[in-house]
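The file protein-v4.txt contains compact mmCIF, C-alpha atoms:
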```txt
# COMPACT_ATOMS: atom_id res chain seq x y z
CA MET A 1 85.28 79.19 100.39
CA MET A 2 85.17 82.84 101.56
CA PHE A 3 86.56 84.96 98.71
CA SER A 4 86.70 88.08 100.89
CA ASP A 5 89.60 86.55 102.84
CA LEU A 6 91.45 85.30 99.75
CA LYS A 7 94.65 87.17 98.88
CA SER A 8 95.77 84.94 96.02
CA LEU A 9 94.70 81.80 94.24
CA THR A 10 96.90 79.54 92.16
CA ILE A 11 95.72 76.74 89.92
CA PRO A 12 97.90 74.42 87.78
CA GLU A 13 97.56 76.84 84.85
CA GLY A 14 98.91 79.79 86.88
CA GLU A 15 97.82 82.53 89.27
CA VAL A 16 94.16 83.60 89.14
CA THR A 17 93.69 87.37 89.17
CA LYS A 18 89.92 87.62 88.81
CA ILE A 19 86.82 85.45 89.21
CA ALA A 20 83.59 86.49 87.48
CA VAL A 21 80.20 84.80 87.47
CA GLY A 22 77.69 85.80 84.83
CA GLY A 23 79.76 88.88 83.96
CA VAL A 24 79.88 90.06 87.59
CA THR A 25 83.27 90.15 89.32
CA ILE A 26 83.02 88.31 92.64
CA TRP A 27 86.75 88.39 93.47
CA GLU A 28 89.78 90.23 92.15
CA ASN A 29 93.39 90.07 93.31
CA MET A 30 94.71 93.46 94.38
CA LYS A 31 97.28 94.89 91.95
CA ASN A 32 100.04 96.82 93.71
CA TRP A 33 101.18 99.17 90.95
CA VAL A 34 104.49 99.87 92.72
CA LYS A 35 105.78 96.50 91.48
CA PHE A 36 104.65 97.32 87.93
CA SER A 37 105.72 100.97 87.72
CA THR A 38 107.95 101.62 84.74
CA GLU A 39 110.76 103.71 83.40
CA ALA A 40 109.76 106.40 80.88
CA ASP A 41 109.83 103.74 78.11
CA GLY A 42 106.61 102.28 79.57
CA VAL A 43 107.99 98.73 79.44
CA THR A 44 111.00 98.37 81.73
CA ILE A 45 110.13 98.01 85.42
CA TYR A 46 111.52 101.04 87.25
CA ASN A 47 114.88 100.95 89.02
CA GLY A 48 116.18 97.63 87.77
CA GLY A 49 112.93 95.75 88.36
CA LEU A 50 112.15 97.00 91.90
CA GLY A 51 109.41 99.46 90.92
CA TYR A 52 110.57 101.95 93.58
CA LYS A 53 113.72 103.81 94.60
CA ASP A 54 114.64 104.50 98.22
CA GLY A 55 116.18 107.82 99.24
CA TYR A 56 114.58 109.70 96.35
CA ARG A 57 111.56 111.85 95.63
CA ILE A 58 110.00 113.33 92.53
CA ARG A 59 110.40 117.12 92.42
CA SER A 60 107.73 119.61 91.36
CA GLY A 61 109.08 119.66 87.79
CA GLY A 62 109.07 115.87 87.54
CA ALA A 63 112.80 115.17 88.03
CA GLU A 64 114.18 112.87 90.74
CA ALA A 65 116.16 114.25 93.68
CA SER A 66 117.74 112.54 96.68
CA ILE A 67 116.08 113.00 100.08
CA ASP A 68 116.23 111.03 103.32
CA GLY A 69 113.20 108.98 104.30
CA ALA A 70 111.40 108.93 100.96
CA SER A 71 110.81 106.36 98.25
CA CYS A 72 109.43 107.07 94.79
CA THR A 73 107.84 104.94 92.09
CA GLY A 74 108.19 104.88 88.36
CA PHE A 75 105.28 105.68 86.03
CA ILE A 76 101.87 104.22 86.88
CA PRO A 77 98.87 104.46 84.50
CA LEU A 78 96.26 106.96 85.71
CA LYS A 79 93.33 108.79 84.19
CA ALA A 80 91.04 111.61 85.23
CA GLY A 81 88.77 110.67 88.14
CA ASP A 82 90.66 107.50 89.14
CA VAL A 83 90.71 106.68 92.85
CA VAL A 84 94.23 106.08 94.16
CA ARG A 85 94.77 104.19 97.41
CA MET A 86 98.14 104.18 99.17
CA SER A 87 99.58 102.44 102.21
CA GLY A 88 102.89 101.27 103.62
CA TYR A 89 104.03 104.77 104.52
CA ASP A 90 103.00 107.87 106.47
CA ALA A 91 101.08 109.97 103.94
CA LEU A 92 100.16 112.52 106.61
CA TYR A 93 103.82 113.45 107.24
CA ASP A 94 104.27 117.15 106.49
CA GLY A 95 107.12 117.27 104.03
CA SER A 96 108.16 116.91 100.42
CA GLN A 97 108.67 113.18 101.08
CA ASN A 98 104.98 112.83 100.15
CA ALA A 99 103.82 113.78 96.67
CA ILE A 100 101.92 112.68 93.60
CA ASN A 101 103.07 113.95 90.22
CA VAL A 102 100.74 113.60 87.24
CA TYR A 103 101.84 113.38 83.60
CA ASN A 104 100.31 113.41 80.15
CA ALA A 105 100.66 110.59 77.60
CA ASP A 106 104.07 111.94 76.54
CA LYS A 107 105.18 111.76 80.20
CA GLU A 108 105.36 115.53 80.50
CA ASN A 109 104.81 116.65 84.10
CA LEU A 110 101.44 118.42 84.52
CA GLY A 111 101.71 119.14 88.24
CA GLN A 112 102.49 117.92 91.71
CA ALA A 113 100.27 117.51 94.76
CA VAL A 114 102.78 117.72 97.61
CA GLY A 115 102.53 116.89 101.32
CA ASN A 116 104.53 119.94 102.34
CA ALA A 117 102.10 122.40 104.00
CA ALA A 118 104.40 125.28 103.04
CA ALA A 119 103.74 124.54 99.36
CA SER A 120 100.28 124.71 97.82
CA GLY A 121 101.15 122.36 94.98
CA TYR A 122 102.58 122.93 91.53
CA GLY A 123 101.30 123.09 87.98
CA ILE A 124 97.62 122.12 87.84
CA PHE A 125 97.58 121.78 91.68
CA ALA A 126 98.93 125.29 92.41
CA ASN A 127 96.57 127.87 93.90
CA SER A 128 96.62 129.56 90.50
CA GLY A 129 96.24 126.22 88.69
CA SER A 130 93.10 124.51 87.43
CA TYR A 131 92.78 121.98 90.28
CA PRO A 132 94.10 123.30 93.63
CA SER A 133 91.33 121.44 95.52
CA TYR A 134 92.86 118.12 94.35
CA GLY A 135 96.17 118.87 96.07
CA TRP A 136 97.62 116.90 98.97
CA ALA A 137 95.07 118.39 101.38
CA SER A 138 92.45 116.26 99.60
CA VAL A 139 94.22 113.01 100.63
CA THR A 140 92.11 111.29 103.29
CA GLU A 141 92.87 108.41 105.62
CA ASN A 142 90.29 105.66 106.01
CA PRO A 143 89.91 103.66 109.27
CA ASP A 144 92.21 100.91 107.96
CA GLY A 145 95.15 103.33 107.62
CA VAL A 146 94.83 103.49 103.83
CA TYR A 147 95.18 106.91 102.24
CA VAL A 148 92.82 107.83 99.40
CA TRP A 149 93.26 110.47 96.68
CA VAL A 150 91.11 111.16 93.62
CA ALA A 151 92.75 112.33 90.40
CA PRO A 152 91.29 115.58 89.05
CA PRO A 153 88.94 115.56 86.04
CA HIS A 154 91.75 116.65 83.71
CA ASP A 155 91.63 114.60 80.49
CA PRO A 156 95.34 114.87 79.60
CA ILE A 157 96.31 112.86 82.72
CA ALA A 158 97.75 109.50 81.68
CA PHE A 159 100.33 108.62 84.36
CA MET A 160 101.43 109.38 87.89
CA ARG A 161 104.51 108.88 90.03
CA VAL A 162 104.14 108.58 93.80
CA THR A 163 106.62 109.66 96.47
CA GLY A 164 106.05 108.41 100.01
CA TYR A 165 107.57 108.96 103.45
CA THR A 166 108.62 105.33 103.86
CA LEU A 167 111.74 105.84 106.01
CA ASP A 168 113.57 104.40 102.98
CA GLU A 169 111.53 101.19 102.96
CA GLY A 170 109.86 101.42 99.57
CA SER A 171 109.32 97.66 99.52
CA LYS A 172 106.39 98.31 101.89
CA MET A 173 104.65 100.82 99.58
CA ILE A 174 101.29 99.83 98.12
CA VAL A 175 99.56 101.92 95.45
CA THR A 176 96.35 100.77 93.78
CA VAL A 177 94.17 102.45 91.16
CA ASN A 178 90.39 102.00 91.42
CA GLN A 179 90.89 99.03 93.71
CA GLU A 180 90.64 98.49 97.46
CA ILE A 181 93.81 97.62 99.34
CA ASN A 182 93.47 94.25 101.02
CA THR A 183 96.38 93.70 103.39
```
In structure tokens, what does this structure look like?
Amino acid sequence: MMFSDLKSLTIPEGEVTKIAVGGVTIWENMKNWVKFSTEADGVTIYNGGLGYKDGYRIRSGGAEASIDGASCTGFIPLKAGDVVRMSGYDALYDGSQNAINVYNADKENLGQAVGNAAASGYGIFANSGSYPSYGWASVTENPDGVYVWVAPPHDPIAFMRVTGYTLDEGSKMIVTVNQEINT
């Protein structure tokens, strides 16, 4: 069996998420955090169990606002230095339909890396902030069409919310943390 081609594995006891041999992981099922993103309570899956909301974005201050073409997630666990991979939308689109907001453990907004070239970012990502080089300009696209962003080395970071230019098709969004996207 070729594990590199395996997207899921189910045995009578349930779905297998990881296979390790001698303490070394040889296969792990990709976790799309969009489906697990939560409301501020940290338990309830965002937007009635969808994990995303079409026609909305997260603003620079952390509040939701309606906007055509975007979809946003609920809260996703994140810590300093984590590698975030995103697909299922056009992350290179120049507009506020693309953004990553980061939050502390109390879910207070620390800043926003935004895809709008007219804005440099907000909070810790602003030109006058601590981490302007981690703004949206640091998002890169790999050859598979997956966008990669690295969270800044800012210890208070505990969560993120992602907004993507999905053309209001948030069901196609994929966001992973420290894990490759296998489509």
Skip Val162 (chain A) itself and residues of its chain fewer than 4 positions away, then list as a PDB file with C-alpha atoms, keeping the file's coordinate frame all residues within 6 Å of it, counting only C-alpha atoms.
```
ATOM      1  CA  CYS A  72     109.430 107.070  94.790  1.00  0.00           C
ATOM      2  CA  THR A  73     107.840 104.940  92.090  1.00  0.00           C
ATOM      3  CA  ALA A  99     103.820 113.780  96.670  1.00  0.00           C
ATOM      4  CA  ILE A 100     101.920 112.680  93.600  1.00  0.00           C
TER       5      ILE A 100
END
```
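Using all atoms listed in the file, the nearest neighbour of Asn47 (chain A) within the list A:Ser71, A:Ser120, A:Gln179, A:Gln97 is A:Ser71.
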Nearest candidate to Tyr46 (chain A) (options A:Gly74, A:Gly170, A:Gly111, A:Pro156; using only C-alpha atoms) =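 Of A:Gly74, A:Gly170, A:Gly111, A:Pro156, the one nearest Tyr46 (chain A) is A:Gly74, counting only C-alpha atoms.
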Find the distance between CA of Asn101 (chain A) and CA of Val146 (chain A) and write it in Å to one decimal.
->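 CA of Val146 (chain A) lies 19.0 Å from CA of Asn101 (chain A).
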Gap from CA of Glu169 (chain A) to CA of Ile45 (chain A) - Å, one decimal |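 Rounded to one decimal, the two atoms are 17.9 Å apart.
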Can you tell me how far CA of Ser66 (chain A) sits from CA of Lys53 (chain A), in Å to one decimal?
->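 The value is 9.8 Å.
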Kindly indicate which residue among A:Leu92, A:Ala117, A:Val83, A:Ile174 lies nearest to Val148 (chain A), using all atoms listed in the file for the distances.
-> A:Val83
Using all atoms listed in the file, what residues lie at most 9 Å away from (94.5, 109.4, 82.0) (file coordinates), given as a PDB file with C-alpha atoms, in the coordinates of the input?
```pdb
ATOM      1  CA  PRO A  77      98.870 104.460  84.500  1.00  0.00           C
ATOM      2  CA  LEU A  78      96.260 106.960  85.710  1.00  0.00           C
ATOM      3  CA  LYS A  79      93.330 108.790  84.190  1.00  0.00           C
ATOM      4  CA  ALA A  80      91.040 111.610  85.230  1.00  0.00           C
ATOM      5  CA  GLY A  81      88.770 110.670  88.140  1.00  0.00           C
ATOM      6  CA  ASP A  82      90.660 107.500  89.140  1.00  0.00           C
ATOM      7  CA  TYR A 103     101.840 113.380  83.600  1.00  0.00           C
ATOM      8  CA  ASN A 104     100.310 113.410  80.150  1.00  0.00           C
ATOM      9  CA  ALA A 105     100.660 110.590  77.600  1.00  0.00           C
ATOM     10  CA  HIS A 154      91.750 116.650  83.710  1.00  0.00           C
ATOM     11  CA  ASP A 155      91.630 114.600  80.490  1.00  0.00           C
ATOM     12  CA  PRO A 156      95.340 114.870  79.600  1.00  0.00           C
ATOM     13  CA  ILE A 157      96.310 112.860  82.720  1.00  0.00           C
ATOM     14  CA  ALA A 158      97.750 109.500  81.680  1.00  0.00           C
ATOM     15  CA  PHE A 159     100.330 108.620  84.360  1.00  0.00           C
TER      16      PHE A 159
END
```
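Ranking A:Gly145, A:Pro152, A:Pro132, A:Gly23 by their shortest atom-to-atom distance to Arg85 (chain A), with all atoms listed in the file included, puts A:Gly145 first.
Using only C-alpha atoms, the smallest distance between any of A:Ser96, A:Ser133, A:Thr163, A:Thr140 and Tyr52 (chain A) comes from A:Thr163.
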Counting all atoms listed in the file, which of A:Ala65, A:Thr10, A:Arg59, A:Ile26 gets nearest to Asn116 (chain A)?
-> A:Arg59
Need the shell around Asp68 (chain A): protein/DNA/RNA residues with any atom at most 9 Å away, counting all atoms listed in the file. Skip same-chain ones fewer than 3 positions apart. Format as a PDB file with C-alpha atoms, keeping the file's coordinate frame?
```pdb
ATOM      1  CA  ASP A  54     114.640 104.500  98.220  1.00  0.00           C
ATOM      2  CA  GLY A  55     116.180 107.820  99.240  1.00  0.00           C
ATOM      3  CA  TYR A  56     114.580 109.700  96.350  1.00  0.00           C
ATOM      4  CA  SER A  71     110.810 106.360  98.250  1.00  0.00           C
ATOM      5  CA  GLN A  97     108.670 113.180 101.080  1.00  0.00           C
ATOM      6  CA  TYR A 165     107.570 108.960 103.450  1.00  0.00           C
ATOM      7  CA  LEU A 167     111.740 105.840 106.010  1.00  0.00           C
ATOM      8  CA  ASP A 168     113.570 104.400 102.980  1.00  0.00           C
TER       9      ASP A 168
END
```
Exercise: Glu141 (chain A) partners within 12 Å, all atoms listed in the file, chain neighbours under 6 positions left out, as a PyMOL selection string = chain A and resi 84-87+89-92+147-149
